[in-house]
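Asker: I am attaching a structure below and will ask some questions about it afterwards.
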Amino acid sequence: EKGYDVLIAYAGMPECIASDPLVFNVDNKGAKRYKGKVFNTSPPKDYALYEEICYQYTKHNVERYGIETVSKWRCHCHNEPDGHFFMNYLAEDDQEPRIREYTKLYAAFARGVSRVSEEIKIGGPACAFELGFIEKFLHNVREQNLKLDYIALHNYGTTTAEVNAGTRPITVENNLWRQRNLIALIEKCGFGDKERIVDEWGAATDGYFNMEECPAYIFRETEVYSAYYAKLIHQMLLTDPQVSKMMICLSGQHEMVTDFSGFRNFFTLNFIKKPIYNAHILASKLGEDLLTAETENENLFVVPTKTENGYGVLMCYASEYFTEDIPAIDETITFAEDIKDKMVTVWCIDKQTTNPYRLAQKLGIETPTQEQIKRLREEGNLKPVLTQKGDAPLTLHFTPNSTYLVTVT
């Protein structure tokens, strides 16, 4: 109805066909994840039954939405089978039985979905941790000639423990380092030309942790995360041209008790929009045709695109670790094409603009009243900061961790 193309993880095992109906996903911080829901993590007792369930569910989707729609979607088998989401009764380093059972699971999933239509795109393994798991899975795919339309990957920059220890602070380079390792592994296995989807990414793991476990997670509330996202788009385009989607993970938000507590989510407890949400809105205004840009500033990252009726240019200004160790600058934006008969619109997220957390800081708000909630929600509403004709000069003021979008229509 909204026009989204979705990705569906065929995850969890129906208890009626589970080899152990009493094995469920783990708790976090004493609470069930996914708003109290649990799911079984054991393999099926009958893989033919699992195949049939995958077939019937896929058939239902096609009957409901039509193959033209469903063929634009992507389906993958399970979620993080290298960890506690699959066979969580095993130790984390006991990967061999997981790989063996997951390959059987994937083969049954692939048969079930493909029985409905070969047009439906399927993939795996959506691993979070173990490169060795991915390597052996791809080896099994090749050996058994299994259908694999894309490779699903997870990419997190760092962990709570590493941030607290200071050994791996928040930086886009962490994500790029992991992606390069994934590329090398996938190419080694002979799947270098295969589409790759990062179906979970984050600057850090542990969405169910907040500032109680890691004070640095305040970045999830601020302009830092919007700049991080814009910079990651720029750098990922340079690093891995086979990546077609980057999907942020937001699980953990059901444990909120205050507005700005450092959980990874788009909205606060009182449904106030965060900068990272608005950064996604800005990115959605980019076009599909990537252009080139020139800048002499090593901390300015520019993603210029051609849209259906003009241009969309995403920009962010940030240092390697997103600290405020770079000076504010003024940059004049020029276009190679004459745009004097067009309209230029500018949106901004920075420390002073579209930033509810910084406004709450400034006003000393801790427990907001209804009136203050209304004001903070208004601050979180993305709106243009400038609209002008194309023949007027355009100079933007970049402060550390600022993000801009310029559209020409």
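Chain labels A, B, ... are given in the sequence in which chains occur in the structure tokens; within each chain residues are numbered consecutively from 1, and ligands are likewise numbered from 1 in the order shown.
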Which of range 146-345 of chain A counts as strand (DSSP E) under DSSP, as a ChimeraX atom specification please?

Answerer: /A:150-156,195-202,243-248,289-290,300-307,310-317,329-332,343-345

Asker: Could the residues in this selection be saved with C-alpha atoms as a compact mmCIF listing (two decimals), in the first residue's frame?

Answerer:
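Final file, selection-v9.txt:
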```
# COMPACT_ATOMS: atom_id res chain seq x y z
CA TYR A 150 21.89 -12.36 -3.62
CA ILE A 151 24.10 -12.59 -0.56
CA ALA A 152 22.61 -11.17 2.64
CA LEU A 153 25.16 -9.65 5.00
CA HIS A 154 25.21 -7.89 8.37
CA ASN A 155 27.68 -5.09 9.01
CA TYR A 156 28.17 -3.47 12.40
CA GLU A 195 24.34 -8.82 -5.68
CA ARG A 196 25.01 -8.02 -2.03
CA ILE A 197 22.46 -6.66 0.44
CA VAL A 198 23.45 -5.34 3.84
CA ASP A 199 20.15 -6.26 5.49
CA GLU A 200 21.40 -5.06 8.88
CA TRP A 201 23.88 -2.29 9.51
CA GLY A 202 24.69 -0.08 12.45
CA VAL A 243 25.83 -3.52 -2.58
CA SER A 244 22.32 -2.55 -3.69
CA LYS A 245 20.65 -2.00 -0.30
CA MET A 246 21.70 -0.85 3.16
CA MET A 247 19.06 -1.52 5.81
CA ILE A 248 19.53 -0.10 9.30
CA ASP A 289 21.89 7.99 -11.34
CA LEU A 290 25.14 8.75 -9.52
CA LEU A 300 33.42 17.01 3.14
CA PHE A 301 31.59 14.03 1.59
CA VAL A 302 29.33 14.68 -1.39
CA VAL A 303 26.86 12.26 -3.03
CA PRO A 304 25.46 13.95 -6.19
CA THR A 305 22.65 12.28 -8.12
CA LYS A 306 20.38 12.90 -11.09
CA THR A 307 16.70 12.70 -10.21
CA GLY A 310 16.62 17.63 -11.56
CA TYR A 311 19.31 16.85 -9.00
CA GLY A 312 19.65 15.64 -5.42
CA VAL A 313 22.94 16.18 -3.59
CA LEU A 314 23.61 14.75 -0.12
CA MET A 315 26.54 16.25 1.81
CA CYS A 316 28.05 15.82 5.25
CA TYR A 317 31.01 17.36 7.02
CA ILE A 329 33.52 26.25 7.00
CA ASP A 330 31.52 28.02 4.32
CA GLU A 331 31.37 26.23 0.97
CA THR A 332 29.92 27.57 -2.27
CA MET A 343 14.40 26.00 -8.04
CA VAL A 344 16.97 25.14 -5.36
CA THR A 345 15.83 23.79 -1.97
```

Asker: Hey, what's within 10 Å of Tyr228 in chain A if we count only C-alpha atoms and toss same-chain stuff fewer than 3 positions away? As a list in words, please?

Answerer: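 After dropping sequence-adjacent residues, the list is Ile170, Thr171, Val172, Gly202, Ala203, Phe219, Glu223, Val224, Tyr225, Lys231, Leu232, Ile233, His234, Ile276, Ala279, Cys316, Tyr317, Ala318, Ser319, Glu320, Tyr321, Phe322, Asn401, Ser402 and Thr403 of chain A.
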
Asker: Near range 10-14 of chain A, within 6 Å and counting only C-alpha atoms, which residues show up once chain neighbours fewer than 5 positions away are dropped, as a VMD selection string?

Answerer: chain A and resid 39 to 41 77 to 79

Asker: Please dump the current selection as a tab-separated table (two decimals), in the first residue's frame; keep C-alpha atoms.

Answerer:
```tsv
chain	number	residue	atom	x	y	z
A	39	PHE	CA	10.44	-17.70	18.56
A	40	ASN	CA	11.88	-21.17	18.38
A	41	THR	CA	15.51	-21.44	17.24
A	77	CYS	CA	16.56	-17.87	5.01
A	78	HIS	CA	16.71	-17.19	8.74
A	79	ASN	CA	18.58	-14.45	10.61
```

Asker: In terms of the shortest atom-to-atom distance over only C-alpha atoms, which of A:Phe335, A:Phe398, A:Tyr4, A:Tyr65 is closest to Asp350 in chain A?

Answerer: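 For Asp350 in chain A, the nearest of the given residues is A:Phe398.
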
Asker: With only C-alpha atoms as the basis for distance, which of A:Asn61, A:Phe266, A:Ala230, A:Thr399 is at the shortest distance from Asp325 in chain A?

Answerer: A:Thr399

Asker: Which of these, A:Ile67, A:Val62, A:Leu22, A:Ala216, has the shortest distance to Thr323 in chain A once you count only C-alpha atoms?

Answerer: A:Ala216

Asker: From the set A:His397, A:Lys383, A:Lys59, A:Lys45, which residue has the shortest atom-to-atom contact distance to Ile281 in chain A, counting only C-alpha atoms?

Answerer: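 Among the listed residues, A:Lys383 lies closest to Ile281 in chain A.
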
Asker: Using only C-alpha atoms, which protein or nucleic acid residues come within 12 Å of Glu1 in chain A? Drop anything in the same chain fewer than 4 positions from it, and give the result as JSON, numbers by chain.

Answerer: {"A": [5, 6, 65, 69]}

Asker: Put those residues in a file: N, CA and C atoms, as a JSON list (two decimals), in the first residue's frame.

Answerer:
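Writing done, so here's again.json:
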```json
[["chain", "number", "residue", "atom", "x", "y", "z"],
["A", 5, "ASP", "N", 9.25, -1.94, -1.34],
["A", 5, "ASP", "CA", 9.72, -3.28, -1.69],
["A", 5, "ASP", "C", 10.36, -3.85, -0.43],
["A", 6, "VAL", "N", 9.86, -4.99, 0.03],
["A", 6, "VAL", "CA", 10.26, -5.49, 1.34],
["A", 6, "VAL", "C", 11.25, -6.63, 1.24],
["A", 65, "TYR", "N", -0.67, -10.50, -3.30],
["A", 65, "TYR", "CA", -0.08, -9.28, -3.86],
["A", 65, "TYR", "C", 0.28, -9.37, -5.34],
["A", 69, "THR", "N", 4.51, -7.87, -8.00],
["A", 69, "THR", "CA", 4.94, -7.19, -6.77],
["A", 69, "THR", "C", 5.95, -8.02, -6.00]]
```
